[in-house]
$ cat entry-v7.cif   # mmCIF, C-alpha atoms
data_final
loop_
_atom_site.label_atom_id
_atom_site.label_comp_id
_atom_site.auth_asym_id
_atom_site.auth_seq_id
_atom_site.Cartn_x
_atom_site.Cartn_y
_atom_site.Cartn_z
CA MET A 17 6.02 29.29 -9.07
CA LEU A 18 6.43 26.91 -6.18
CA ARG A 19 6.65 23.39 -7.46
CA VAL A 20 5.90 20.64 -5.02
CA LEU A 21 7.36 17.31 -5.97
CA PHE A 22 7.61 14.45 -3.57
CA LEU A 23 7.95 10.76 -4.25
CA LEU A 24 8.19 8.22 -1.49
CA LEU A 25 8.87 4.55 -1.94
CA PHE A 26 8.51 2.82 1.40
CA LEU A 27 8.29 -0.60 3.02
CA PHE A 28 11.22 -2.24 1.27
CA GLY A 29 13.20 0.72 -0.03
CA VAL A 30 12.60 0.30 -3.72
CA SER A 31 14.56 3.15 -5.27
CA GLN A 32 15.38 2.14 -8.83
CA SER A 33 13.33 3.06 -11.86
CA TRP A 34 11.34 0.07 -13.08
CA ALA A 35 9.76 -0.67 -16.43
CA GLN A 36 6.02 -0.01 -16.34
CA ASP A 37 5.17 -3.65 -17.10
CA GLU A 38 7.06 -4.65 -13.95
CA ILE A 39 4.66 -2.63 -11.78
CA ILE A 40 1.22 -3.84 -10.69
CA GLU A 41 -1.10 -1.07 -9.58
CA TRP A 42 -3.49 -2.30 -6.88
CA ALA A 43 -6.91 -3.23 -8.25
CA GLU A 44 -9.82 -4.74 -6.37
CA ASN A 45 -10.00 -7.90 -8.46
CA TYR A 46 -6.29 -8.50 -9.11
CA GLU A 47 -4.87 -11.67 -7.55
CA LEU A 48 -1.11 -12.00 -7.28
CA GLN A 49 0.44 -14.93 -9.16
CA LEU A 50 3.67 -16.81 -8.51
CA SER A 51 4.89 -15.37 -11.81
CA ASP A 52 4.70 -11.87 -10.27
CA PHE A 53 7.72 -12.65 -8.09
CA LYS A 54 10.41 -11.80 -10.63
CA ASN A 55 13.36 -11.14 -8.37
CA PRO A 56 16.17 -13.53 -9.45
CA GLU A 57 16.39 -14.81 -5.87
CA SER A 58 12.96 -16.45 -6.23
CA GLU A 59 13.07 -20.25 -6.17
CA ILE A 60 10.69 -23.14 -5.62
CA GLY A 61 12.12 -26.62 -5.22
CA PRO A 62 13.53 -29.37 -3.00
CA THR A 63 16.97 -27.73 -2.81
CA VAL A 64 15.45 -24.92 -0.74
CA SER A 65 15.92 -25.49 3.00
CA ASN A 66 13.65 -22.72 4.27
CA SER A 67 10.62 -20.84 2.94
CA PHE A 68 10.64 -17.05 2.75
CA VAL A 69 8.82 -14.24 0.95
CA GLN A 70 9.47 -10.54 0.47
CA SER A 71 6.53 -8.56 -0.81
CA GLY A 72 7.05 -5.92 -3.46
CA ALA A 73 4.17 -3.78 -2.16
CA THR A 74 4.72 -0.08 -1.54
CA VAL A 75 2.78 3.10 -0.87
CA GLU A 76 3.86 6.08 -2.97
CA ILE A 77 2.95 9.75 -2.77
CA GLY A 78 3.75 11.91 -5.76
CA PHE A 79 2.51 15.34 -6.76
CA GLN A 80 3.74 18.31 -8.74
CA MET A 81 1.68 21.48 -9.01
CA SER A 82 1.84 25.24 -8.81
CA SER A 83 1.45 26.93 -5.42
CA VAL A 84 -2.00 28.19 -6.46
CA SER A 85 -3.16 24.71 -7.49
CA PHE A 86 -1.73 23.23 -4.31
CA MET A 87 -3.48 25.86 -2.20
CA PHE A 88 -6.90 24.92 -3.57
CA THR A 89 -6.39 21.16 -3.84
CA LYS A 90 -8.18 19.17 -1.16
CA ASN A 91 -8.48 15.72 -2.71
CA PHE A 92 -5.11 13.96 -3.01
CA ASN A 93 -6.58 10.49 -3.66
CA ASN A 94 -4.98 10.15 -7.09
CA LYS A 95 -1.60 11.26 -5.70
CA VAL A 96 -1.31 8.22 -3.42
CA SER A 97 -0.67 4.85 -5.06
CA THR A 98 -0.34 1.23 -3.98
CA LYS A 99 2.03 -0.65 -6.24
CA PHE A 100 3.62 -4.07 -6.38
CA TYR A 101 7.10 -4.11 -7.89
CA ARG A 102 7.63 -7.51 -9.47
CA LYS A 103 11.43 -7.27 -9.56
CA ALA A 104 11.55 -6.33 -5.86
CA ALA A 105 9.38 -9.28 -4.82
CA PHE A 106 10.90 -12.68 -4.21
CA LEU A 107 9.54 -15.96 -2.96
CA VAL A 108 11.57 -18.95 -1.82
CA ALA A 109 9.72 -22.18 -1.05
CA MET A 110 10.44 -25.88 -0.66
CA ASP A 111 7.41 -26.91 -2.72
CA THR A 112 4.30 -25.56 -4.44
CA THR A 113 2.21 -25.96 -1.26
CA ALA A 114 4.56 -23.68 0.67
CA ALA A 115 4.73 -21.31 -2.32
CA LYS A 116 0.93 -20.99 -2.46
CA ARG A 117 0.84 -20.32 1.28
CA LEU A 118 3.38 -17.52 0.87
CA LEU A 119 1.45 -16.21 -2.10
CA ARG A 120 -1.68 -15.86 0.08
CA LEU A 121 0.41 -14.05 2.70
CA SER A 122 1.69 -11.68 0.00
CA GLN A 123 -1.85 -11.01 -1.24
CA PHE A 124 -2.82 -10.11 2.32
CA ASP A 125 0.16 -7.75 2.47
CA PHE A 126 -0.72 -6.12 -0.88
CA ASP A 127 -4.31 -5.54 0.24
CA LEU A 128 -3.13 -4.31 3.65
CA THR A 129 -0.91 -1.78 1.85
CA GLU A 130 -3.93 -0.52 -0.11
CA LEU A 131 -5.91 -0.20 3.13
CA TYR A 132 -3.22 2.06 4.54
CA ALA A 133 -2.99 4.00 1.29
CA ARG A 134 -6.72 4.73 1.78
CA LYS A 135 -6.11 5.74 5.38
CA ILE A 136 -3.39 8.12 4.18
CA ARG A 137 -5.73 9.58 1.53
CA LYS A 138 -8.36 10.11 4.22
CA GLU A 139 -5.87 11.81 6.55
CA LEU A 140 -4.72 14.12 3.77
CA TYR A 141 -8.27 15.01 2.79
CA GLU A 142 -9.28 15.77 6.35
CA ASN A 143 -6.14 17.70 7.30
CA LYS A 144 -5.19 19.70 4.19
CA LYS A 145 -5.83 23.38 4.78
CA THR A 146 -5.71 26.26 2.29
CA PHE A 147 -2.36 27.47 3.63
CA SER A 148 -0.80 24.08 4.38
CA LYS A 149 2.85 23.69 3.40
CA GLY A 150 3.95 21.25 0.71
CA ASP A 151 5.16 18.72 3.29
CA PHE A 152 1.95 18.82 5.34
CA PHE A 153 1.35 15.13 4.65
CA GLN A 154 4.60 13.88 6.24
CA PRO A 155 3.38 13.27 9.83
CA TYR A 156 0.23 11.51 8.59
CA PHE A 157 2.21 9.42 6.13
CA ASP A 158 4.81 8.45 8.75
CA LYS A 159 2.12 7.52 11.27
CA MET A 160 0.25 5.30 8.80
CA ILE A 161 3.40 3.58 7.49
CA GLU A 162 4.48 2.81 11.05
CA GLU A 163 1.05 1.32 11.77
CA LEU A 164 1.09 -0.64 8.50
CA ASN A 165 4.47 -2.18 9.32
CA SER A 166 3.31 -3.03 12.84
CA VAL A 167 0.11 -4.77 11.65
CA SER A 168 1.95 -6.63 8.89
CA GLY A 169 4.67 -7.76 11.30
CA LYS A 170 2.15 -9.05 13.84
CA VAL A 171 0.30 -11.11 11.22
CA TYR A 172 3.54 -12.56 9.87
CA LYS A 173 4.65 -13.44 13.41
CA ASN A 174 1.32 -14.72 14.76
CA SER A 175 0.67 -16.84 11.68
CA GLU A 176 4.22 -18.23 11.83
CA PHE A 177 4.94 -16.79 8.41
CA GLY A 178 1.69 -18.09 6.97
CA LEU A 179 1.80 -21.60 8.43
CA LYS A 180 -1.34 -20.80 10.44
CA MET A 181 -3.40 -19.90 7.41
CA ASP A 182 -6.57 -19.41 9.45
CA ILE A 183 -4.97 -16.35 11.08
CA VAL A 184 -3.95 -14.95 7.68
CA GLU A 185 -7.43 -15.51 6.22
CA LYS A 186 -9.17 -13.94 9.23
CA GLU A 187 -6.95 -10.85 9.07
CA HIS A 188 -7.35 -10.70 5.29
CA GLU A 189 -11.14 -10.65 5.59
CA ARG A 190 -10.89 -7.81 8.11
CA VAL A 191 -8.62 -5.84 5.75
CA LEU A 192 -10.94 -6.32 2.76
CA SER A 193 -13.89 -5.20 4.89
CA GLU A 194 -12.04 -2.04 5.97
CA ILE A 195 -11.08 -1.31 2.36
CA LYS A 196 -14.79 -1.31 1.47
CA GLU A 197 -15.56 0.96 4.42
CA LEU A 198 -13.07 3.46 3.00
CA SER A 199 -14.54 3.27 -0.52
CA ASP A 200 -14.56 7.10 -0.80
CA PHE A 201 -10.77 6.99 -0.65
CA CYS A 202 -9.94 4.74 -3.58
CA LYS A 203 -7.39 6.26 -5.94
CA GLU A 204 -10.02 7.30 -8.52
CA CYS A 205 -12.66 8.41 -5.99
CA LYS A 206 -13.81 11.85 -4.99
CA PRO A 207 -14.67 12.04 -1.28
CA PRO A 208 -18.01 13.66 -0.46
CA LYS A 209 -17.82 17.20 0.85
CA ARG A 210 -18.36 17.45 4.55
CA LYS A 211 -21.46 19.31 5.58
CA LYS A 212 -20.73 22.53 7.39
CA LYS A 213 -21.90 22.69 10.97
CA LYS A 214 -24.70 25.15 11.57
#

$ encode --input "entry-v7.cif" --output "structure tokens"
Amino acid sequence: MLRVLFLLLFLFGVSQSWAQDEIIEWAENYELQLSDFKNPESEIGPTVSNSFVQSGATVEIGFQMSSVSFMFTKNFNNKVSTKFYRKAAFLVAMDTTAAKRLLRLSQFDFDLTELYARKIRKELYENKKTFSKGDFFQPYFDKMIEELNSVSGKVYKNSEFGLKMDIVEKEHERVLSEIKELSDFCKECKPPKRKKKK
């Protein structure tokens, strides 16, 4: 029996095993809190000379199944996850105003990561064939992660790391709108079957 097992942790190279309560699975109504940044490097106070944030958001793909199951599986939605690793996330800010600004930037990043998880799910659904190999997803995954990093980097740069909050909010609204447009590709969703052309 061919067993396909693949687990990717991207964006910030999180590779350790974490306690389940240290992981936040993306949910539509979940808002990140300052308390979610549990990396020991996190600090808010006047001794800080510069503000900085590192998101703990990642996209993961993980599946294990027999070759027969894999052959007939089309929907991989529940195999792709968006997670926020509290111990990987840190936030350094001079005061609570700067901390809240960075928190909004991190929420944008978390939602952006979910958007690209949905894009990955869509790519897998549309490109998985009966005789696809176990690593068929790799080019689609790589393409989407590269695009995710590019979009995230541009928003961080153009908003001057969140100082221009209007840019962050505008981009965040766009991301949330696109997430809704890809509602068939939420983790728990089953995409509608495509109608065969006559």

$ atom_distance --input "entry-v7.cif" --atom1 "atom CA of A:Asp52" --atom2 "atom CA of A:Ala133"
21.1 Å

$ residues_around --input "entry-v7.cif" --residues "A:Glu139" --least-positions-apart "5" --cutoff "12 Å" --atoms "only C-alpha atoms" --output "compact mmCIF listing (two decimals) with C-alpha atoms, in the coordinates of the input"
# COMPACT_ATOMS: atom_id res chain seq x y z
CA LYS A 90 -8.18 19.17 -1.16
CA ASN A 91 -8.48 15.72 -2.71
CA PHE A 92 -5.11 13.96 -3.01
CA ASN A 93 -6.58 10.49 -3.66
CA VAL A 96 -1.31 8.22 -3.42
CA TYR A 132 -3.22 2.06 4.54
CA ALA A 133 -2.99 4.00 1.29
CA ARG A 134 -6.72 4.73 1.78
CA LYS A 144 -5.19 19.70 4.19
CA LYS A 145 -5.83 23.38 4.78
CA PHE A 152 1.95 18.82 5.34
CA PHE A 153 1.35 15.13 4.65
CA GLN A 154 4.60 13.88 6.24
CA PRO A 155 3.38 13.27 9.83
CA TYR A 156 0.23 11.51 8.59
CA PHE A 157 2.21 9.42 6.13
CA ASP A 158 4.81 8.45 8.75
CA LYS A 159 2.12 7.52 11.27
CA MET A 160 0.25 5.30 8.80
CA LEU A 198 -13.07 3.46 3.00
CA PHE A 201 -10.77 6.99 -0.65
CA PRO A 207 -14.67 12.04 -1.28

$ residues_around --input "entry-v7.cif" --residues "A:Ile60" --least-positions-apart "3" --cutoff "9 Å" --atoms "all atoms listed in the file" --output "list in words"
Thr63, Val64, Ser67, Leu107, Val108, Ala109, Met110, Asp111, Thr112, Ala114 and Ala115 of chain A

$ closest_residue --input "entry-v7.cif" --among "A:Phe100, A:Tyr141, A:Tyr46, A:Tyr172" --to "A:Asp200" --atoms "all atoms listed in the file"
A:Tyr141

$ atom_distance --input "entry-v7.cif" --atom1 "atom CA of A:Ile195" --atom2 "atom CA of A:Leu131"
5.3 Å

$ closest_residue --input "entry-v7.cif" --among "A:Leu121, A:Ala73, A:Ile161, A:Ala104" --to "A:Ile183" --atoms "all atoms listed in the file"
A:Leu121

$ residues_around --input "entry-v7.cif" --residues "A:Asp127" --least-positions-apart "5" --cutoff "8 Å" --atoms "all atoms listed in the file" --output "ChimeraX atom specification"
/A:42,188,191-192

$ atom_distance --input "entry-v7.cif" --atom1 "atom CA of A:Asn143" --atom2 "atom CA of A:Phe86"
13.6 Å

$ closest_residue --input "entry-v7.cif" --among "A:Ala105, A:Val167, A:Val75, A:Cys205" --to "A:Glu38" --atoms "only C-alpha atoms"
A:Ala105

$ closest_residue --input "entry-v7.cif" --among "A:Phe106, A:Ile77, A:Thr129, A:Leu118" --to "A:Asp151" --atoms "only C-alpha atoms"
A:Ile77

$ closest_residue --input "entry-v7.cif" --among "A:Leu164, A:Lys135, A:Ser83, A:Val69" --to "A:Ser148" --atoms "only C-alpha atoms"
A:Ser83

$ closest_residue --input "entry-v7.cif" --among "A:Arg137, A:Gln70, A:Val184, A:Gln123" --to "A:Glu57" --atoms "all atoms listed in the file"
A:Gln70

$ residues_around --input "entry-v7.cif" --residues "A:Lys95" --least-positions-apart "4" --cutoff "10 Å" --atoms "only C-alpha atoms" --output "list of chain:residue names"
A:Phe22, A:Leu23, A:Glu76, A:Ile77, A:Gly78, A:Phe79, A:Gln80, A:Asn91, A:Arg137, A:Lys203, A:Glu204

$ write_last_selection --input "entry-v7.cif" --atoms "C-alpha atoms" --output "short mmCIF file (atom, residue, chain, number, x, y, z; two decimals), in the frame of the given file"
data_model
loop_
_atom_site.label_atom_id
_atom_site.label_comp_id
_atom_site.auth_asym_id
_atom_site.auth_seq_id
_atom_site.Cartn_x
_atom_site.Cartn_y
_atom_site.Cartn_z
CA PHE A 22 7.61 14.45 -3.57
CA LEU A 23 7.95 10.76 -4.25
CA GLU A 76 3.86 6.08 -2.97
CA ILE A 77 2.95 9.75 -2.77
CA GLY A 78 3.75 11.91 -5.76
CA PHE A 79 2.51 15.34 -6.76
CA GLN A 80 3.74 18.31 -8.74
CA ASN A 91 -8.48 15.72 -2.71
CA ARG A 137 -5.73 9.58 1.53
CA LYS A 203 -7.39 6.26 -5.94
CA GLU A 204 -10.02 7.30 -8.52
#

$ residues_around --input "entry-v7.cif" --residues "A:Lys103" --least-positions-apart "3" --cutoff "7 Å" --atoms "only C-alpha atoms" --output "count of residues only"
4
